[in-house]
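Everything below concerns the one structure shown next.
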Amino acid sequence: MAAKDMREPIESGCPDPWQYMHPAMRKNFGQWKYHEHPRPGVLRHVAYSGDEIWTVKAGTQRILDVFSLRKLCDIGDEFADGFVHFTLRSNIEYMVTDETRVQPLINALEEAGFVVGGTQNTVAMISHTQGWLHCDIPGTDASGVVKSMMDELIDEFKNANMPNRVHITTSCCQINCGGQGDIAINIQHTKPPKINHDLVANVCERPSVVARCPVAAIRPAMVNGKPSLEVDERKCICCGACYPPCPPMQINDAEHSKLAIWVGGNHSNARGKPTFQKLVAAGIPNNPPRWPEATAIVKRILKAYKEGARDWERVNEWIERIGWPRFFEEVELPFTKYHIDTWRGARASFNSSSYIRF
Amino acid sequence: MAIEKHHTPMLDQLETGPWPSFISGIKRLRDQHPEERINSMTNDLLGQLEHSYETRKGYWKGGTVSVFGYGGGIIPRFSEVGTAFPKSKEFHTLRVQPPAGNHYSTKMLRQLADSWEKHGSGLVTFHGQTGNIMFIGADTPATQHFFDEINEYGWDLGGAGPCVRTAMSCVGAARCEMSCTNELKSHRALVNNFTDDVHRPALPYKFKFKVSGCPNDCQNAIERSDFAVLGTWRDDMKVDQDEIKKYVKTKGRQYIIDNVITRCPTNALSLNDDDSIEVNNRDCVRCMHCLNVMPKALHPGDDKGVTILIGGKRTLKIGDLMGTVLVPFKKLETEEDYESMVELAETIIDFWAENGLEHERCGEMIERIGLANFLDGIGVEADPNMLSHPRQSSYVRLDGWDDAAEQWFERQAEQQAAAG
Ligand code: HEM
Ligand code: SF4
Ligand code: SF4
Ligand code: SF4
Ligand code: SF4
């Protein structure tokens with residue numbers, strides 16, 4: 001672009017939401033008294049002033065085309081005074097102050113193909129990352145996995161009859177941008193990167209690649225008379241972190257990248273401290289376009305949880321109560337030596353008591 | 001000019017089933033959008049995506065793209081199969097900071113849609129896991145044009161690269177009875193103080209702020225931010241005994257015992273014979289469980305403030321780290337209160353910028369140098385709330401013990417005098 005066209009950015013940062021907030025929320029800011037759950041997908045909040053808001057929550061395809069976005073806006077204009085709110089898991093929420101508008105709003109959303117639900121004890125919309133649509137190290141396509149899985153779990157999104165809420169996430173590599181979840185479906189690269197030595201000297205910032213490896217498996221090396229890198233394949237844990245600063249270290253692998261399933265991540269403090277997710281299944285085929293094998297395991301876990309957990313127990317609390325041996329039994333998954341942690345602090349995950357369930 | 005549509009037999013299968021399909025959305029842009037530029041760009045995007053589905057590999061690589069004046073905020077994407085799919089061979093994402101709490105008017109959304117349609121692919125996500133609005137798919141010149149346009153009417157890029165990233169906050173006080181703080185104010189005070197660090201990546205690695213209004217932590221701040229702010233309270237929780245009695249009546253004693261009383265992690269609750277409850281507030285750790293079950297009867301107390309935790313992050317490189325309590329309780333009422341929180345963040349970021357290794361998150365640095373050294377570095381005194389339990393290992397030099405003990409008693413006395 002010619003220099004004359006350049007304009008200095010206005011570094012305004014994060015916008016003030018006050019101007020975009022529904023007037024009833026502005027008026028009762030910090031003055032809410034309680035909420036109820038009249039039906040799945042709908043919340044009723046009551047303020048000390050006596051004002052009420054009904055929130056209708058809907059799941060979308062997350063990657064929105066402008067047509068869909070405008071459709072969502074049309075619905076907001078017609079029923080919800082032209083204001084919307086988005087949740088952490090990319091659901092859209094409409095706030096209405098008049099109860100009679102709730103059902104017509106739900107109808108309009110459903111007619112337009114969106115799905116009302118995702119509140120309270122539902123399987124919430126799966127939070128996910130970019131995958132083949134946009135990331136540079138994805139082993140799979142997060143959007144496609146999520147679409148296929150939500151097709152199967154839609155009834156659990158629409159009906160709040162899980163013991164407690166269930167948060168699912170997918171990530172298209174182990175870096176796990178998608179986050180912690182009660183159930184997390186992540187891809188795992190299982191082979192070290194293949195290095196195209198001819199390109200390394202030109203495009204890699206070698207010291208930063210070496211620094212990035214979590215297990216110090218990368219060393220500078222001369223290959224075919226050119227400066228390059230080599231990987232100690234016994235050490236490599238196939239995380240893929242070396243790829244972004246060094247694209248010739250190709251980690252994407254059609255055959256050997258597999259899905260793995262993790263459970264028990266829970267970020268709330270309720271009843272216990274927050275927990276990270278744990279590995280339960282691996283080696284699941286990366287099978288586009290619908291990934292049926294992964295979905296089948298997720299459904300098995302959900303079924304066992306729904307049947308076995310008590311009210312308010314999240315997946316991690318349920319497993320803590322019944323114990324891991326019984327969990328593996330109930331979900332019919334094999335337990336292997338690979339479930340034993342080998343990373344820092346691993347010993348803290350070993351059982352040093354006689355706490356054993358028979 | 002009619003475009004030649006790529007065959008997408010695999011992607012077509014993602015149009016079956018009841019959940020809304022992103023593939024149908026991309027096809028709408030290909031087939032129904034009036035502009036040929038968007039039709040051909042999304043057509044080639046679908047072509048490349050189908051190719052990924054067939055070969056089970058991704059074909060994007062990074063590069064450097066930024067707008068004039070900034071060093072980050074755009075995720076550059078160049079196709080490795082650009083010869084086959086030339087119209088989407090540059091398909092960059094712009095990360096744009098959302099309003100705190102993710103509130104929007106449809107008017108503003110339409111304006112954003114208009115600008116994006118004018119310059120980009122027409123695909124957008126509310127929001128990525130870091131919190132940004134992600135405008136997915138623009139070529140290099142378009143990134144500048146789109147940014148110039150939306151920047152004029154109030155939007156700014158978020159962070160990408162080693163910088164302060166876009167922050168997130170829960171809906172909180174706007175619509176949630178559990179909220180103990182003004183999430184929006186903390187969010188904006190913190191992130192907007194570091195605007196320069198958002199736009200010009202010069203830190204060891206990423207640094208994230210997240211704000212949740214209560215310990216339910218709907219924003220996942222403890223696990224996923226370097227600086228987590230959680231609303232809480234320190235006086236007694238409010239109990240409406242009549243409402244408790246109504247819960248007992250409708251749900252039954254057994255239900256309340258099994259689902260509220262015995263679920264309290266610190267055994268701080270008991271159910272009286274007359275169906276009222278008793279809370280031992282000194283034992284309560286504000287876990288939120290009983291308030292969640294009986295939101296009509298139980299409410300946070302009046303002496304509200306926040307807990308600040310430092311150093312949460314996901315796997316790379318040393319494994320998952322939860323945030324660690326740094327400030328057990330801080331009032332956030334006056335402007336000075338907010339300023340001192342921002343100053344704390346500045347001190348931490350400065351210390352980390354100086355002492356963190358390249359690509360080392362703040363939490364990893366704390367692990368490497370030790371919490372005690374970190375506290376010394378930022379001038380914060382040790383507090384038993386920072387730990388689950390005191391040290392187990394006997395291998396430590398304790399020759400500074402007497403001084404430290406004396407300081408503890410002095411601080412206690414000062415605090416008592418101040419509270420006095
Ligand atoms: C190749 C490079 C990478 C790409 C393209 C990438 C892409 C992304 C994207 C698109 C998001 C959501 C962004 C948003 O909300 O605006 C994200 C979030 C995230 N990324 Fe990455 N990522 C990369 C590398 C990494 C690495 C190396 C880590 C290492 C720890 C990482 C950790 C995360 C985390 C934890 C989040 C979620 C953050 C949160 O919930 O606050 N990513 N990434
Ligand atoms: S999880 Fe991995 S592949 Fe997916 S967006 Fe994050 S870095 Fe990219
Ligand atoms: S894939 Fe990960 S572990 Fe393997 S060499 Fe690369 S950075 Fe190191
Ligand atoms: S974190 Fe607390 S205050 Fe914020 S939305 Fe969740 S429950 Fe409400
Ligand atoms: S908030 Fe949690 S810790 Fe406190 S009384 Fe209720 S259940 Fe117990």
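Starting from 1 in every chain, residues are counted up; chains themselves are A, B, ... following the order of the structure tokens, and ligands are numbered from 1 as listed.
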Exercise. Counting only C-alpha atoms and all ligand atoms, which protein, DNA or RNA residues come within 7 Å of ligand 4, given as an MDAnalysis selection string?
Worked result: chainID B and resid 170:173 176:180 212:219
Practice prompt. Fewer than 3 positions away in the same chain doesn't count, so skip those; otherwise give me all residues within 12 Å of B:Ile75, counting only C-alpha atoms, as a PyMOL selection string.
Written response: (chain A and resi 130+134-136+244) or (chain B and resi 60-67+71-72+78+90-96+132+134-140+143+157-161)
Given the selection you just returned, output its residues as a file containing C-alpha atoms, formatted as a short mmCIF file (atom, residue, chain, number, x, y, z; two decimals), in the first residue's frame.
```
data_model
loop_
_atom_site.label_atom_id
_atom_site.label_comp_id
_atom_site.auth_asym_id
_atom_site.auth_seq_id
_atom_site.Cartn_x
_atom_site.Cartn_y
_atom_site.Cartn_z
CA GLN A 130 -9.75 -24.39 14.20
CA HIS A 134 -7.49 -22.67 9.69
CA CYS A 135 -4.75 -23.96 11.98
CA ASP A 136 -1.30 -24.90 10.78
CA PRO A 244 5.01 -23.50 13.68
CA TRP B 60 -2.05 -24.00 6.02
CA LYS B 61 1.19 -22.43 7.01
CA GLY B 62 1.90 -19.26 8.91
CA GLY B 63 3.84 -16.18 7.85
CA THR B 64 3.88 -12.54 8.74
CA VAL B 65 0.95 -10.25 8.17
CA SER B 66 0.01 -7.29 10.29
CA VAL B 67 -1.67 -3.99 9.85
CA GLY B 71 2.99 -6.21 15.20
CA GLY B 72 0.29 -8.77 15.86
CA PHE B 78 -1.00 -19.19 3.37
CA GLU B 90 -4.29 -16.24 1.40
CA PHE B 91 -6.87 -16.76 4.10
CA HIS B 92 -5.85 -14.79 7.16
CA THR B 93 -7.84 -14.45 10.38
CA LEU B 94 -8.25 -11.14 12.15
CA ARG B 95 -8.60 -11.39 15.91
CA VAL B 96 -10.83 -8.57 17.09
CA ASN B 132 -11.62 -12.86 20.14
CA MET B 134 -12.46 -14.24 14.66
CA PHE B 135 -12.95 -12.89 11.17
CA ILE B 136 -11.79 -15.85 9.14
CA GLY B 137 -10.52 -15.40 5.62
CA ALA B 138 -9.00 -12.26 4.14
CA ASP B 139 -6.11 -11.76 1.74
CA THR B 140 -3.25 -9.51 2.79
CA THR B 143 -6.74 -7.22 6.31
CA LEU B 157 -7.37 -6.00 17.14
CA GLY B 158 -6.60 -8.49 19.88
CA GLY B 159 -3.29 -10.15 20.50
CA ALA B 160 -1.45 -12.93 18.71
CA GLY B 161 2.09 -14.00 19.41
#
```
Test item: residues lying within 10 Å of ligand 2 with only C-alpha atoms and all ligand atoms, as a PyMOL selection string: (chain A and resi 128-142+170-179+186-188+239-241+244+252) or (chain B and resi 58+128-129)
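Among B:Gly379, B:Gly131, B:Pro162, B:Pro34, the residue with the shortest atom-to-atom distance to chain A, counting only C-alpha atoms, is B:Gly131.
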Shell of 9 Å around ligand 3 (only C-alpha atoms and all ligand atoms), written as a ChimeraX atom specification:
/A:189,191-193,209-218,230-233,235-243,249-251
Practice item. List all protein, DNA and RNA residues that have an atom no more than 10 Å from any atom of ligand 5, counting only C-alpha atoms and all ligand atoms, and report them as a count of residues only. Key: 39
### Task
Tell me which protein, DNA and RNA residues are within 7 Å of B:Ala297, counting only C-alpha atoms, leaving out same-chain ones fewer than 6 positions away, and put them as a ChimeraX atom specification.
/B:239-241,243-244
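If you measure from each of A:Ser257, A:Thr190, A:Gln103, A:Ser90 to ligand 1 using only C-alpha atoms and all ligand atoms, the closest one turns out to be A:Ser90.
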Selection: 12 Å around A:Thr119, only C-alpha atoms, excl. self and same-chain fewer than 2 positions, as a CSV table (one decimal) with C-alpha atoms, in the first residue's frame:
```csv
chain,number,residue,atom,x,y,z
A,36,GLU,CA,-35.0,-20.3,37.6
A,37,HIS,CA,-34.9,-22.8,34.8
A,38,PRO,CA,-38.4,-22.9,33.3
A,39,ARG,CA,-37.4,-25.3,30.5
A,40,PRO,CA,-34.2,-26.3,28.8
A,41,GLY,CA,-32.7,-23.5,26.8
A,42,VAL,CA,-34.6,-20.8,28.9
A,43,LEU,CA,-33.5,-19.0,32.0
A,44,ARG,CA,-35.6,-16.7,34.1
A,55,THR,CA,-32.9,-15.7,28.3
A,56,VAL,CA,-33.3,-18.0,25.4
A,57,LYS,CA,-30.1,-19.8,24.4
A,58,ALA,CA,-29.4,-21.3,21.1
A,59,GLY,CA,-26.6,-23.4,19.5
A,87,THR,CA,-21.5,-17.4,25.8
A,89,ARG,CA,-19.1,-21.9,24.2
A,91,ASN,CA,-23.9,-20.0,21.9
A,92,ILE,CA,-26.1,-17.0,21.3
A,93,GLU,CA,-28.5,-15.7,23.9
A,115,VAL,CA,-31.1,-25.4,18.3
A,116,VAL,CA,-32.5,-24.1,21.5
A,117,GLY,CA,-31.0,-25.7,24.6
A,121,ASN,CA,-27.9,-30.0,33.1
A,122,THR,CA,-27.4,-30.4,29.3
A,123,VAL,CA,-24.5,-31.5,27.2
A,124,ALA,CA,-23.5,-28.0,26.2
A,125,MET,CA,-22.2,-27.0,22.8
A,156,GLU,CA,-28.8,-34.1,25.2
A,157,PHE,CA,-28.4,-30.5,24.3
A,158,LYS,CA,-32.1,-29.9,24.1
A,159,ASN,CA,-33.1,-31.8,27.2
A,160,ALA,CA,-31.6,-31.1,30.6
A,161,ASN,CA,-31.5,-34.5,32.1
A,162,MET,CA,-27.8,-35.2,32.8
A,164,ASN,CA,-25.0,-32.0,36.1
A,165,ARG,CA,-23.8,-29.9,33.2
A,166,VAL,CA,-21.4,-31.6,30.7
A,167,HIS,CA,-18.8,-29.6,28.9
```
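Closest approach to ligand 1 among A:Leu64, A:Val84, A:Val298, A:Cys246 is made by A:Cys246 (distances from only C-alpha atoms and all ligand atoms).
Take atom CA of B:Glu50 and atom CA of B:Gly73: the distance between them is 28.0 Å.
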Of B:Lys331, B:His7, B:Arg110, B:His389, the one nearest to chain A when counting only C-alpha atoms is B:Arg110
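Proximity to chain B was assessed for A:Cys204, A:Met95, A:Ala254, A:Ala281 counting only C-alpha atoms; the smallest distance is recorded for A:Ala254.
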Using only C-alpha atoms, which protein or nucleic acid residues come within 9 Å of B:Lys107? Drop anything in the same chain fewer than 4 positions from it, and give the result as a ChimeraX atom specification. /A:73,77,82-83 /B:111-112
Written selection (all heavy atoms) as a compact mmCIF listing (two decimals), in the first residue's frame:
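Now in selection.txt:
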```txt
# COMPACT_ATOMS: atom_id res chain seq x y z
N CYS A 73 -29.52 -11.83 13.72
CA CYS A 73 -29.83 -10.43 14.03
C CYS A 73 -31.31 -10.14 13.79
O CYS A 73 -31.95 -9.44 14.58
CB CYS A 73 -28.98 -9.48 13.18
SG CYS A 73 -27.26 -9.44 13.67
N ASP A 77 -33.88 -8.62 16.43
CA ASP A 77 -34.64 -7.38 16.24
C ASP A 77 -36.13 -7.61 16.47
O ASP A 77 -36.81 -6.79 17.07
CB ASP A 77 -34.43 -6.85 14.81
CG ASP A 77 -33.05 -6.26 14.64
OD1 ASP A 77 -32.42 -5.94 15.67
OD2 ASP A 77 -32.58 -6.14 13.50
N GLY A 82 -33.24 -6.08 19.86
CA GLY A 82 -32.00 -5.76 19.15
C GLY A 82 -30.73 -5.95 19.95
O GLY A 82 -29.71 -5.34 19.63
N PHE A 83 -30.78 -6.82 20.97
CA PHE A 83 -29.56 -7.08 21.75
C PHE A 83 -29.33 -8.58 21.88
O PHE A 83 -30.28 -9.35 22.01
CB PHE A 83 -29.67 -6.47 23.15
CG PHE A 83 -29.74 -4.98 23.14
CD1 PHE A 83 -30.96 -4.32 23.14
CD2 PHE A 83 -28.58 -4.22 23.08
CE1 PHE A 83 -31.02 -2.94 23.11
CE2 PHE A 83 -28.63 -2.83 23.05
CZ PHE A 83 -29.86 -2.19 23.06
N GLN B 111 -23.32 -4.01 11.21
CA GLN B 111 -22.28 -3.14 10.67
C GLN B 111 -20.98 -3.95 10.45
O GLN B 111 -20.32 -3.81 9.42
CB GLN B 111 -22.03 -1.97 11.63
CG GLN B 111 -21.26 -0.84 10.99
CD GLN B 111 -21.15 0.36 11.92
OE1 GLN B 111 -21.51 0.30 13.10
NE2 GLN B 111 -20.64 1.47 11.40
N LEU B 112 -20.67 -4.81 11.43
CA LEU B 112 -19.49 -5.65 11.28
C LEU B 112 -19.65 -6.61 10.09
O LEU B 112 -18.71 -6.82 9.31
CB LEU B 112 -19.24 -6.46 12.56
CG LEU B 112 -18.65 -5.68 13.75
CD1 LEU B 112 -18.72 -6.51 15.02
CD2 LEU B 112 -17.22 -5.25 13.47
```
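Between chain B and the residues A:Ala47, A:His85, A:His22, A:Asn286, the shortest atom-to-atom distance, using only C-alpha atoms, involves A:His85.
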Per DSSP on the backbone, filter stretch 12-113 of chain A down to the residues in helix (DSSP H, G or I) and report them as an MDAnalysis selection string.
chainID A and resid 17:20 23:27 66:79 99:111
Report as a tab-separated table (two decimals) with all heavy atoms, in the first residue's frame all protein, DNA and RNA residues lying within 12 Å of A:Thr336, evaluated on only C-alpha atoms, omitting residues in the same chain fewer than 6 positions from it.
```
chain	number	residue	atom	x	y	z
A	279	LEU	N	-6.51	-38.81	30.56
A	279	LEU	CA	-6.62	-39.67	29.38
A	279	LEU	C	-7.40	-40.95	29.69
A	279	LEU	O	-7.13	-41.63	30.69
A	279	LEU	CB	-5.23	-40.08	28.90
A	279	LEU	CG	-5.21	-41.05	27.72
A	279	LEU	CD1	-5.61	-40.35	26.43
A	279	LEU	CD2	-3.86	-41.71	27.55
A	280	VAL	N	-8.37	-41.30	28.84
A	280	VAL	CA	-9.01	-42.61	29.00
A	280	VAL	C	-8.93	-43.47	27.75
A	280	VAL	O	-8.85	-44.69	27.85
A	280	VAL	CB	-10.47	-42.51	29.49
A	280	VAL	CG1	-10.52	-42.00	30.91
A	280	VAL	CG2	-11.35	-41.69	28.58
A	281	ALA	N	-8.97	-42.87	26.57
A	281	ALA	CA	-8.94	-43.70	25.36
A	281	ALA	C	-8.01	-43.07	24.33
A	281	ALA	O	-7.92	-41.84	24.24
A	281	ALA	CB	-10.34	-43.83	24.78
A	282	ALA	N	-7.33	-43.91	23.56
A	282	ALA	CA	-6.42	-43.39	22.54
A	282	ALA	C	-6.48	-44.30	21.32
A	282	ALA	O	-7.17	-45.31	21.32
A	282	ALA	CB	-5.01	-43.28	23.09
A	283	GLY	N	-5.75	-43.91	20.28
A	283	GLY	CA	-5.68	-44.75	19.09
A	283	GLY	C	-6.99	-44.82	18.32
A	283	GLY	O	-7.23	-45.76	17.54
A	325	PRO	N	-10.96	-47.93	38.34
A	325	PRO	CA	-11.15	-49.29	37.81
A	325	PRO	C	-12.58	-49.52	37.33
A	325	PRO	O	-12.82	-50.08	36.26
A	325	PRO	CB	-10.80	-50.19	38.99
A	325	PRO	CG	-9.90	-49.37	39.85
A	325	PRO	CD	-10.36	-47.95	39.67
A	328	PHE	N	-13.39	-47.68	34.00
A	328	PHE	CA	-12.96	-48.38	32.78
A	328	PHE	C	-13.88	-49.56	32.47
A	328	PHE	O	-14.17	-49.83	31.30
A	328	PHE	CB	-11.49	-48.82	32.91
A	328	PHE	CG	-10.53	-47.70	32.67
A	328	PHE	CD1	-9.95	-47.00	33.72
A	328	PHE	CD2	-10.22	-47.30	31.37
A	328	PHE	CE1	-9.08	-45.94	33.49
A	328	PHE	CE2	-9.35	-46.24	31.13
A	328	PHE	CZ	-8.79	-45.56	32.19
```
As a PyMOL selection string, please: every residue in stretch 129-240 of chain B that DSSP puts in strand (DSSP E). chain B and resi 133-138+168-169+209-212+227-233+238-239
For the residues selected in the previous step, produce a file with N, CA and C atoms as a CSV table (one decimal), in the first residue's frame.
```
chain,number,residue,atom,x,y,z
B,133,ILE,N,-13.4,-12.1,18.6
B,133,ILE,CA,-14.2,-12.4,17.4
B,133,ILE,C,-13.2,-12.7,16.4
B,134,MET,N,-13.4,-13.8,15.7
B,134,MET,CA,-12.5,-14.2,14.7
B,134,MET,C,-13.1,-14.0,13.3
B,135,PHE,N,-12.5,-13.1,12.6
B,135,PHE,CA,-13.0,-12.9,11.2
B,135,PHE,C,-12.0,-13.7,10.3
B,136,ILE,N,-12.6,-14.8,9.8
B,136,ILE,CA,-11.8,-15.8,9.1
B,136,ILE,C,-11.8,-15.7,7.6
B,137,GLY,N,-10.6,-15.4,7.1
B,137,GLY,CA,-10.5,-15.4,5.6
B,137,GLY,C,-10.4,-14.1,4.9
B,138,ALA,N,-9.2,-13.5,4.9
B,138,ALA,CA,-9.0,-12.3,4.1
B,138,ALA,C,-7.6,-12.4,3.5
B,168,MET,N,-11.1,-12.0,28.7
B,168,MET,CA,-12.5,-12.4,28.7
B,168,MET,C,-13.1,-12.2,30.1
B,169,SER,N,-14.5,-12.0,30.1
B,169,SER,CA,-15.2,-11.8,31.3
B,169,SER,C,-16.6,-12.5,31.2
B,209,PHE,N,-5.5,-12.4,30.6
B,209,PHE,CA,-6.4,-12.0,31.7
B,209,PHE,C,-7.8,-12.7,31.5
B,210,LYS,N,-8.3,-13.2,32.6
B,210,LYS,CA,-9.7,-13.6,32.5
B,210,LYS,C,-10.4,-13.3,33.9
B,211,VAL,N,-11.7,-12.9,33.7
B,211,VAL,CA,-12.4,-12.4,34.9
B,211,VAL,C,-13.7,-13.2,35.1
B,212,SER,N,-13.9,-13.8,36.2
B,212,SER,CA,-15.2,-14.5,36.5
B,212,SER,C,-15.7,-13.8,37.8
B,227,PHE,N,-3.5,-14.5,34.6
B,227,PHE,CA,-3.9,-13.6,35.7
B,227,PHE,C,-5.4,-13.7,35.8
B,228,ALA,N,-5.9,-14.5,36.8
B,228,ALA,CA,-7.3,-14.8,36.9
B,228,ALA,C,-7.9,-13.9,38.1
B,229,VAL,N,-9.0,-13.3,37.8
B,229,VAL,CA,-9.7,-12.5,38.8
B,229,VAL,C,-11.1,-13.2,39.0
B,230,LEU,N,-11.3,-13.6,40.3
B,230,LEU,CA,-12.5,-14.2,40.6
B,230,LEU,C,-13.3,-13.5,41.7
B,231,GLY,N,-14.5,-13.1,41.5
B,231,GLY,CA,-15.3,-12.4,42.5
B,231,GLY,C,-15.5,-13.4,43.7
B,232,THR,N,-15.5,-12.8,44.9
B,232,THR,CA,-15.9,-13.6,46.1
B,232,THR,C,-16.3,-12.6,47.2
B,233,TRP,N,-16.6,-13.2,48.4
B,233,TRP,CA,-17.0,-12.3,49.5
B,233,TRP,C,-16.3,-12.8,50.8
B,238,LYS,N,-25.6,-14.8,52.8
B,238,LYS,CA,-26.9,-14.4,53.2
B,238,LYS,C,-27.8,-15.6,53.1
B,239,VAL,N,-28.6,-15.8,54.1
B,239,VAL,CA,-29.5,-16.9,54.2
B,239,VAL,C,-30.9,-16.4,54.4
```
*Would you mind listing what lies within 10 Å of B:Lys118 as a ChimeraX atom specification, with only C-alpha atoms counted and same-chain residues fewer than 5 positions away left out?*
/B:35,37-38,112-113,142,145-146
